[in-house]
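Q: Supplied structure: target.pdb, PDB, C-alpha atoms, pLDDT in the B column.
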```
MODEL        1
ATOM      1  CA  MET G   1       0.000   0.000   0.000  1.00 42.00           C
ATOM      2  CA  ARG G   2       2.788   2.473   0.850  1.00 46.00           C
ATOM      3  CA  PRO G   3       4.578   2.170  -2.528  1.00 43.00           C
ATOM      4  CA  LEU G   4       1.289   2.906  -4.304  1.00 41.00           C
ATOM      5  CA  LEU G   5       0.657   5.939  -2.095  1.00 37.00           C
ATOM      6  CA  ALA G   6       4.214   7.200  -2.656  1.00 38.00           C
ATOM      7  CA  ALA G   7       3.845   6.812  -6.443  1.00 38.00           C
ATOM      8  CA  ALA G   8       0.514   8.649  -6.432  1.00 37.00           C
ATOM      9  CA  LEU G   9       2.006  11.474  -4.347  1.00 36.00           C
ATOM     10  CA  ALA G  10       5.023  11.762  -6.673  1.00 39.00           C
ATOM     11  CA  ALA G  11       2.752  11.908  -9.738  1.00 41.00           C
ATOM     12  CA  ALA G  12       0.560  14.572  -8.153  1.00 42.00           C
ATOM     13  CA  LEU G  13       3.612  16.654  -7.226  1.00 42.00           C
ATOM     14  CA  ALA G  14       5.020  16.400 -10.759  1.00 44.00           C
ATOM     15  CA  CYS G  15       1.697  17.571 -12.202  1.00 43.00           C
ATOM     16  CA  ALA G  16       1.463  20.450  -9.745  1.00 45.00           C
ATOM     17  CA  GLN G  17       4.943  21.621 -10.678  1.00 45.00           C
ATOM     18  CA  GLY G  18       4.558  21.005 -14.408  1.00 43.00           C
ATOM     19  CA  GLY G  19       7.339  18.362 -14.463  1.00 54.00           C
ATOM     20  CA  ASP G  20       5.963  15.548 -16.613  1.00 64.00           C
ATOM     21  CA  ALA G  21       2.458  16.933 -16.874  1.00 87.00           C
ATOM     22  CA  ARG G  22       0.627  17.128 -20.169  1.00 96.00           C
ATOM     23  CA  PRO G  23       0.872  20.541 -21.867  1.00 98.00           C
ATOM     24  CA  ASP G  24      -2.755  21.394 -21.036  1.00 97.00           C
ATOM     25  CA  ALA G  25      -2.240  20.432 -17.372  1.00 97.00           C
ATOM     26  CA  THR G  26       0.875  22.617 -17.235  1.00 97.00           C
ATOM     27  CA  TYR G  27      -1.002  25.579 -18.695  1.00 96.00           C
ATOM     28  CA  SER G  28      -3.862  25.021 -16.241  1.00 96.00           C
ATOM     29  CA  ALA G  29      -1.343  25.012 -13.360  1.00 96.00           C
ATOM     30  CA  PHE G  30       0.151  28.254 -14.713  1.00 95.00           C
ATOM     31  CA  ALA G  31      -3.299  29.873 -14.986  1.00 93.00           C
ATOM     32  CA  ARG G  32      -4.103  28.813 -11.393  1.00 93.00           C
ATOM     33  CA  ALA G  33      -0.801  30.245 -10.155  1.00 93.00           C
ATOM     34  CA  VAL G  34      -1.516  33.562 -11.894  1.00 90.00           C
ATOM     35  CA  ALA G  35      -5.075  33.642 -10.514  1.00 89.00           C
ATOM     36  CA  ASP G  36      -3.690  32.904  -7.029  1.00 90.00           C
ATOM     37  CA  ARG G  37      -1.047  35.615  -7.595  1.00 88.00           C
ATOM     38  CA  ASP G  38       1.627  33.036  -6.771  1.00 92.00           C
ATOM     39  CA  ALA G  39       4.588  34.566  -8.610  1.00 91.00           C
ATOM     40  CA  ASP G  40       7.059  31.828  -7.645  1.00 94.00           C
ATOM     41  CA  ARG G  41       4.854  29.022  -8.954  1.00 96.00           C
ATOM     42  CA  ALA G  42       3.890  30.954 -12.119  1.00 95.00           C
ATOM     43  CA  TRP G  43       7.522  31.928 -12.786  1.00 95.00           C
ATOM     44  CA  ALA G  44       8.648  28.302 -12.513  1.00 97.00           C
ATOM     45  CA  LEU G  45       6.189  27.336 -15.269  1.00 97.00           C
ATOM     46  CA  LEU G  46       7.509  29.912 -17.772  1.00 97.00           C
ATOM     47  CA  SER G  47      10.029  29.075 -20.476  1.00 97.00           C
ATOM     48  CA  ALA G  48      13.610  30.324 -20.109  1.00 97.00           C
ATOM     49  CA  ASP G  49      13.244  32.794 -23.003  1.00 95.00           C
ATOM     50  CA  THR G  50      10.046  34.227 -21.476  1.00 95.00           C
ATOM     51  CA  GLN G  51      11.806  34.655 -18.134  1.00 95.00           C
ATOM     52  CA  ALA G  52      14.745  36.347 -19.899  1.00 94.00           C
ATOM     53  CA  TRP G  53      12.641  38.960 -21.700  1.00 92.00           C
ATOM     54  CA  LEU G  54      10.600  39.662 -18.566  1.00 92.00           C
ATOM     55  CA  ASP G  55      13.829  40.183 -16.608  1.00 92.00           C
ATOM     56  CA  ALA G  56      15.207  42.488 -19.336  1.00 91.00           C
ATOM     57  CA  ARG G  57      11.972  44.499 -19.448  1.00 89.00           C
ATOM     58  CA  ALA G  58      11.959  44.796 -15.631  1.00 88.00           C
ATOM     59  CA  LEU G  59      15.570  46.004 -15.626  1.00 88.00           C
ATOM     60  CA  ALA G  60      14.743  48.664 -18.219  1.00 89.00           C
ATOM     61  CA  ALA G  61      11.676  49.778 -16.249  1.00 84.00           C
ATOM     62  CA  ALA G  62      13.694  49.897 -13.007  1.00 85.00           C
ATOM     63  CA  ALA G  63      16.373  52.013 -14.684  1.00 87.00           C
ATOM     64  CA  ALA G  64      13.710  54.443 -15.929  1.00 88.00           C
ATOM     65  CA  ALA G  65      12.000  54.595 -12.515  1.00 83.00           C
ATOM     66  CA  PRO G  66      14.642  53.900  -9.833  1.00 82.00           C
ATOM     67  CA  GLY G  67      13.167  52.870  -6.524  1.00 80.00           C
ATOM     68  CA  VAL G  68       9.648  52.668  -7.980  1.00 78.00           C
ATOM     69  CA  VAL G  69       9.810  49.529 -10.122  1.00 74.00           C
ATOM     70  CA  ALA G  70      11.547  46.340  -9.014  1.00 77.00           C
ATOM     71  CA  ALA G  71      14.230  45.037 -11.366  1.00 77.00           C
ATOM     72  CA  SER G  72      12.678  41.577 -11.369  1.00 79.00           C
ATOM     73  CA  GLY G  73      10.796  39.811 -14.130  1.00 84.00           C
ATOM     74  CA  ARG G  74       9.112  37.661 -11.487  1.00 76.00           C
ATOM     75  CA  HIS G  75       7.732  40.797  -9.828  1.00 78.00           C
ATOM     76  CA  LEU G  76       6.740  42.269 -13.195  1.00 76.00           C
ATOM     77  CA  LEU G  77       4.762  39.125 -14.022  1.00 79.00           C
ATOM     78  CA  LEU G  78       2.233  39.691 -11.236  1.00 75.00           C
ATOM     79  CA  CYS G  79       2.882  43.226 -10.027  1.00 73.00           C
ATOM     80  CA  ASP G  80       0.042  45.469  -8.874  1.00 60.00           C
ATOM     81  CA  GLY G  81      -0.388  46.849 -12.382  1.00 51.00           C
ATOM     82  CA  SER G  82      -0.804  43.483 -14.088  1.00 55.00           C
ATOM     83  CA  LEU G  83      -4.244  42.649 -15.375  1.00 58.00           C
ATOM     84  CA  ALA G  84      -6.379  40.198 -13.459  1.00 60.00           C
ATOM     85  CA  PRO G  85      -7.082  37.223 -15.705  1.00 65.00           C
ATOM     86  CA  ARG G  86     -10.499  35.758 -16.261  1.00 77.00           C
ATOM     87  CA  PRO G  87     -10.871  32.269 -14.803  1.00 87.00           C
ATOM     88  CA  LEU G  88      -9.823  29.436 -17.097  1.00 92.00           C
ATOM     89  CA  ALA G  89     -12.758  27.303 -18.212  1.00 93.00           C
ATOM     90  CA  GLU G  90     -10.822  24.756 -20.272  1.00 95.00           C
ATOM     91  CA  ALA G  91      -7.350  23.976 -21.599  1.00 96.00           C
ATOM     92  CA  VAL G  92      -6.964  21.449 -24.428  1.00 97.00           C
ATOM     93  CA  THR G  93      -3.771  20.353 -26.164  1.00 97.00           C
ATOM     94  CA  VAL G  94      -4.341  20.819 -29.900  1.00 97.00           C
ATOM     95  CA  ARG G  95      -0.826  20.006 -31.169  1.00 96.00           C
ATOM     96  CA  GLU G  96       2.143  18.339 -29.535  1.00 97.00           C
ATOM     97  CA  ASP G  97       5.514  16.988 -30.585  1.00 96.00           C
ATOM     98  CA  ARG G  98       8.690  16.249 -28.658  1.00 95.00           C
ATOM     99  CA  ALA G  99       9.735  19.901 -28.206  1.00 97.00           C
ATOM    100  CA  ARG G 100       6.624  22.070 -28.610  1.00 97.00           C
ATOM    101  CA  ALA G 101       2.918  22.051 -27.940  1.00 98.00           C
ATOM    102  CA  VAL G 102      -0.043  24.329 -28.512  1.00 98.00           C
ATOM    103  CA  VAL G 103      -2.861  24.551 -25.978  1.00 98.00           C
ATOM    104  CA  ARG G 104      -6.241  26.122 -26.709  1.00 97.00           C
ATOM    105  CA  ALA G 105      -7.205  28.014 -23.550  1.00 96.00           C
ATOM    106  CA  THR G 106     -10.820  29.055 -23.077  1.00 95.00           C
ATOM    107  CA  GLU G 107     -11.659  31.631 -20.436  1.00 90.00           C
ATOM    108  CA  GLU G 108     -14.971  31.752 -18.632  1.00 90.00           C
ATOM    109  CA  GLY G 109     -17.188  33.766 -20.952  1.00 87.00           C
ATOM    110  CA  GLY G 110     -15.871  32.029 -24.047  1.00 82.00           C
ATOM    111  CA  ALA G 111     -12.739  33.992 -25.074  1.00 88.00           C
ATOM    112  CA  GLN G 112     -10.180  31.591 -26.591  1.00 93.00           C
ATOM    113  CA  ARG G 113      -6.513  31.830 -27.414  1.00 93.00           C
ATOM    114  CA  GLU G 114      -3.741  29.465 -28.382  1.00 96.00           C
ATOM    115  CA  VAL G 115      -0.758  29.252 -26.063  1.00 96.00           C
ATOM    116  CA  ASP G 116       2.677  27.895 -26.971  1.00 97.00           C
ATOM    117  CA  LEU G 117       4.553  25.589 -24.634  1.00 98.00           C
ATOM    118  CA  VAL G 118       8.103  24.288 -24.950  1.00 98.00           C
ATOM    119  CA  ARG G 119       9.706  21.291 -23.318  1.00 98.00           C
ATOM    120  CA  GLU G 120      12.345  22.436 -20.800  1.00 97.00           C
ATOM    121  CA  ARG G 121      12.536  20.209 -17.702  1.00 92.00           C
ATOM    122  CA  GLY G 122       8.896  19.414 -18.455  1.00 97.00           C
ATOM    123  CA  TRP G 123       6.452  21.668 -20.284  1.00 98.00           C
ATOM    124  CA  ARG G 124       6.853  25.445 -19.864  1.00 98.00           C
ATOM    125  CA  VAL G 125       4.568  28.254 -21.029  1.00 97.00           C
ATOM    126  CA  ARG G 126       6.178  30.445 -23.687  1.00 97.00           C
ATOM    127  CA  ILE G 127       4.959  34.023 -23.947  1.00 92.00           C
ATOM    128  CA  PRO G 128       6.586  35.772 -26.900  1.00 89.00           C
ATOM    129  CA  ALA G 129       8.248  39.113 -26.184  1.00 86.00           C
ATOM    130  CA  PRO G 130       6.129  42.083 -27.215  1.00 84.00           C
ATOM    131  CA  ARG G 131       7.144  43.803 -30.414  1.00 79.00           C
ATOM    132  CA  SER G 132       8.791  47.147 -29.866  1.00 59.00           C
TER     133      SER G 132
ENDMDL
END
```
Take the structure in the file and give it back as structure tokens.
A:
Amino acid sequence: MRPLLAAALAAALACAQGGDARPDATYSAFARAVADRDADRAWALLSADTQAWLDARALAAAAAAPGVVAASGRHLLLCDGSLAPRPLAEAVTVREDRARAVVRATEEGGAQREVDLVRERGWRVRIPAPRS
């Protein structure tokens, strides 16, 4: 009984952290972290390139407003000025290969968008840098 319980606990932990979770489960975990305003959990589910551009944008904002804006992409992700998301109604993987996946995310109220995920130590949400 104990080995089964340990395996179930390990699987649940992996899903919660996005380790070996399906792409849609990883995106759902990310959406929950954002809704809970849990910056550490949300940050851990972002791709390395998304983290890099958020850090660069935060550094630029901090340089323009010293002492007002934190020089942290993690803080920028969920800072007071970030928009509150609508609750996620559904996340469905529509395409997946070894390195990339696309998830169709539907918000409560029906708005849909496609979200890219990349495989980096499990699936990670990739938000492209805004165009300047």
Q: Extract, using all atoms listed in the file, all DNA, RNA and protein residues at most 12 Å from range 117-123 of chain G, discarding same-chain residues fewer than 5 positions from it, and format them as a compact mmCIF listing (two decimals) with C-alpha atoms, keeping the file's coordinate frame.
A:
```
# COMPACT_ATOMS: atom_id res chain seq x y z
CA ALA G 14 5.02 16.40 -10.76
CA CYS G 15 1.70 17.57 -12.20
CA ALA G 16 1.46 20.45 -9.74
CA GLN G 17 4.94 21.62 -10.68
CA GLY G 18 4.56 21.00 -14.41
CA GLY G 19 7.34 18.36 -14.46
CA ASP G 20 5.96 15.55 -16.61
CA ALA G 21 2.46 16.93 -16.87
CA ARG G 22 0.63 17.13 -20.17
CA PRO G 23 0.87 20.54 -21.87
CA ASP G 24 -2.76 21.39 -21.04
CA ALA G 25 -2.24 20.43 -17.37
CA THR G 26 0.88 22.62 -17.24
CA TYR G 27 -1.00 25.58 -18.70
CA SER G 28 -3.86 25.02 -16.24
CA ALA G 29 -1.34 25.01 -13.36
CA PHE G 30 0.15 28.25 -14.71
CA ALA G 44 8.65 28.30 -12.51
CA LEU G 45 6.19 27.34 -15.27
CA LEU G 46 7.51 29.91 -17.77
CA SER G 47 10.03 29.08 -20.48
CA ALA G 48 13.61 30.32 -20.11
CA ASP G 49 13.24 32.79 -23.00
CA THR G 50 10.05 34.23 -21.48
CA THR G 93 -3.77 20.35 -26.16
CA VAL G 94 -4.34 20.82 -29.90
CA ARG G 95 -0.83 20.01 -31.17
CA GLU G 96 2.14 18.34 -29.54
CA ASP G 97 5.51 16.99 -30.58
CA ARG G 98 8.69 16.25 -28.66
CA ALA G 99 9.74 19.90 -28.21
CA ARG G 100 6.62 22.07 -28.61
CA ALA G 101 2.92 22.05 -27.94
CA VAL G 102 -0.04 24.33 -28.51
CA VAL G 103 -2.86 24.55 -25.98
CA ARG G 104 -6.24 26.12 -26.71
CA PRO G 128 6.59 35.77 -26.90
```
Q: What is the distance, in Å and to one decimal place, between CA of Ala62 in chain G and CA of Arg32 in chain G?
A: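 Going from CA of Ala62 in chain G over to CA of Arg32 in chain G, I get 27.6 Å.
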Q: Between CA of Leu76 in chain G and CA of Val34 in chain G, what is the distance, to one decimal in Å?
A: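 Taking CA of Leu76 in chain G as the start and CA of Val34 in chain G as the end point, the length is 12.1 Å.
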Q: Quote the spacing between CA of Glu107 in chain G and CA of Arg74 in chain G in Å to one decimal place.
A: 23.4 Å
Q: For Leu88 in chain G, which residue out of G:Leu59, G:Val125, G:Ala42, G:Ala111 is the nearest one, using all atoms listed in the file?
A: G:Ala111
Q: Rebuild range 55-80 of chain G so that it carries N, CA and C atoms, then output the result as a PDB file, in the frame of the given file.
A:
```
ATOM      1  N   ASP G  55      12.748  39.599 -17.407  1.00 92.00           N
ATOM      2  CA  ASP G  55      13.829  40.183 -16.608  1.00 92.00           C
ATOM      3  C   ASP G  55      14.418  41.419 -17.290  1.00 92.00           C
ATOM      4  N   ALA G  56      14.654  41.346 -18.600  1.00 91.00           N
ATOM      5  CA  ALA G  56      15.207  42.488 -19.336  1.00 91.00           C
ATOM      6  C   ALA G  56      14.252  43.679 -19.306  1.00 91.00           C
ATOM      7  N   ARG G  57      12.978  43.422 -19.475  1.00 89.00           N
ATOM      8  CA  ARG G  57      11.972  44.499 -19.448  1.00 89.00           C
ATOM      9  C   ARG G  57      11.897  45.122 -18.049  1.00 89.00           C
ATOM     10  N   ALA G  58      11.986  44.296 -17.006  1.00 88.00           N
ATOM     11  CA  ALA G  58      11.959  44.796 -15.631  1.00 88.00           C
ATOM     12  C   ALA G  58      13.190  45.649 -15.337  1.00 88.00           C
ATOM     13  N   LEU G  59      14.352  45.215 -15.817  1.00 88.00           N
ATOM     14  CA  LEU G  59      15.570  46.004 -15.626  1.00 88.00           C
ATOM     15  C   LEU G  59      15.450  47.369 -16.294  1.00 88.00           C
ATOM     16  N   ALA G  60      14.917  47.395 -17.507  1.00 89.00           N
ATOM     17  CA  ALA G  60      14.743  48.664 -18.219  1.00 89.00           C
ATOM     18  C   ALA G  60      13.751  49.566 -17.479  1.00 89.00           C
ATOM     19  N   ALA G  61      12.674  48.992 -16.987  1.00 84.00           N
ATOM     20  CA  ALA G  61      11.676  49.778 -16.249  1.00 84.00           C
ATOM     21  C   ALA G  61      12.272  50.300 -14.942  1.00 84.00           C
ATOM     22  N   ALA G  62      13.069  49.476 -14.262  1.00 85.00           N
ATOM     23  CA  ALA G  62      13.694  49.897 -13.007  1.00 85.00           C
ATOM     24  C   ALA G  62      14.702  51.015 -13.244  1.00 85.00           C
ATOM     25  N   ALA G  63      15.413  50.954 -14.359  1.00 87.00           N
ATOM     26  CA  ALA G  63      16.373  52.013 -14.684  1.00 87.00           C
ATOM     27  C   ALA G  63      15.651  53.323 -14.980  1.00 87.00           C
ATOM     28  N   ALA G  64      14.487  53.246 -15.597  1.00 88.00           N
ATOM     29  CA  ALA G  64      13.710  54.443 -15.929  1.00 88.00           C
ATOM     30  C   ALA G  64      12.986  55.015 -14.707  1.00 88.00           C
ATOM     31  N   ALA G  65      12.717  54.162 -13.718  1.00 83.00           N
ATOM     32  CA  ALA G  65      12.000  54.595 -12.515  1.00 83.00           C
ATOM     33  C   ALA G  65      12.684  54.002 -11.284  1.00 83.00           C
ATOM     34  N   PRO G  66      13.897  54.477 -10.956  1.00 82.00           N
ATOM     35  CA  PRO G  66      14.642  53.900  -9.833  1.00 82.00           C
ATOM     36  C   PRO G  66      13.854  54.008  -8.520  1.00 82.00           C
ATOM     37  N   GLY G  67      13.845  52.892  -7.802  1.00 80.00           N
ATOM     38  CA  GLY G  67      13.167  52.870  -6.524  1.00 80.00           C
ATOM     39  C   GLY G  67      11.652  52.718  -6.605  1.00 80.00           C
ATOM     40  N   VAL G  68      11.098  52.773  -7.808  1.00 78.00           N
ATOM     41  CA  VAL G  68       9.648  52.668  -7.980  1.00 78.00           C
ATOM     42  C   VAL G  68       9.280  51.292  -8.516  1.00 78.00           C
ATOM     43  N   VAL G  69      10.069  50.806  -9.465  1.00 74.00           N
ATOM     44  CA  VAL G  69       9.810  49.529 -10.122  1.00 74.00           C
ATOM     45  C   VAL G  69      10.926  48.559  -9.757  1.00 74.00           C
ATOM     46  N   ALA G  70      10.554  47.367  -9.340  1.00 77.00           N
ATOM     47  CA  ALA G  70      11.547  46.340  -9.014  1.00 77.00           C
ATOM     48  C   ALA G  70      12.198  45.823 -10.295  1.00 77.00           C
ATOM     49  N   ALA G  71      13.484  45.541 -10.210  1.00 77.00           N
ATOM     50  CA  ALA G  71      14.230  45.037 -11.366  1.00 77.00           C
ATOM     51  C   ALA G  71      14.118  43.523 -11.441  1.00 77.00           C
ATOM     52  N   SER G  72      12.908  43.014 -11.405  1.00 79.00           N
ATOM     53  CA  SER G  72      12.678  41.577 -11.369  1.00 79.00           C
ATOM     54  C   SER G  72      11.547  41.197 -12.305  1.00 79.00           C
ATOM     55  N   GLY G  73      11.827  40.305 -13.236  1.00 84.00           N
ATOM     56  CA  GLY G  73      10.796  39.811 -14.130  1.00 84.00           C
ATOM     57  C   GLY G  73       9.705  39.071 -13.374  1.00 84.00           C
ATOM     58  N   ARG G  74      10.087  38.379 -12.314  1.00 76.00           N
ATOM     59  CA  ARG G  74       9.112  37.661 -11.487  1.00 76.00           C
ATOM     60  C   ARG G  74       8.118  38.648 -10.878  1.00 76.00           C
ATOM     61  N   HIS G  75       8.617  39.778 -10.404  1.00 78.00           N
ATOM     62  CA  HIS G  75       7.732  40.797  -9.828  1.00 78.00           C
ATOM     63  C   HIS G  75       6.873  41.427 -10.927  1.00 78.00           C
ATOM     64  N   LEU G  76       7.466  41.667 -12.074  1.00 76.00           N
ATOM     65  CA  LEU G  76       6.740  42.269 -13.195  1.00 76.00           C
ATOM     66  C   LEU G  76       5.588  41.375 -13.653  1.00 76.00           C
ATOM     67  N   LEU G  77       5.776  40.076 -13.582  1.00 79.00           N
ATOM     68  CA  LEU G  77       4.762  39.125 -14.022  1.00 79.00           C
ATOM     69  C   LEU G  77       3.432  39.335 -13.307  1.00 79.00           C
ATOM     70  N   LEU G  78       3.463  39.571 -12.014  1.00 75.00           N
ATOM     71  CA  LEU G  78       2.233  39.691 -11.236  1.00 75.00           C
ATOM     72  C   LEU G  78       2.181  40.957 -10.388  1.00 75.00           C
ATOM     73  N   CYS G  79       2.871  41.996 -10.817  1.00 73.00           N
ATOM     74  CA  CYS G  79       2.882  43.226 -10.027  1.00 73.00           C
ATOM     75  C   CYS G  79       1.482  43.833  -9.925  1.00 73.00           C
ATOM     76  N   ASP G  80       1.340  44.841  -9.105  1.00 60.00           N
ATOM     77  CA  ASP G  80       0.042  45.469  -8.874  1.00 60.00           C
ATOM     78  C   ASP G  80      -0.618  45.948 -10.154  1.00 60.00           C
TER      79      ASP G  80
END
```
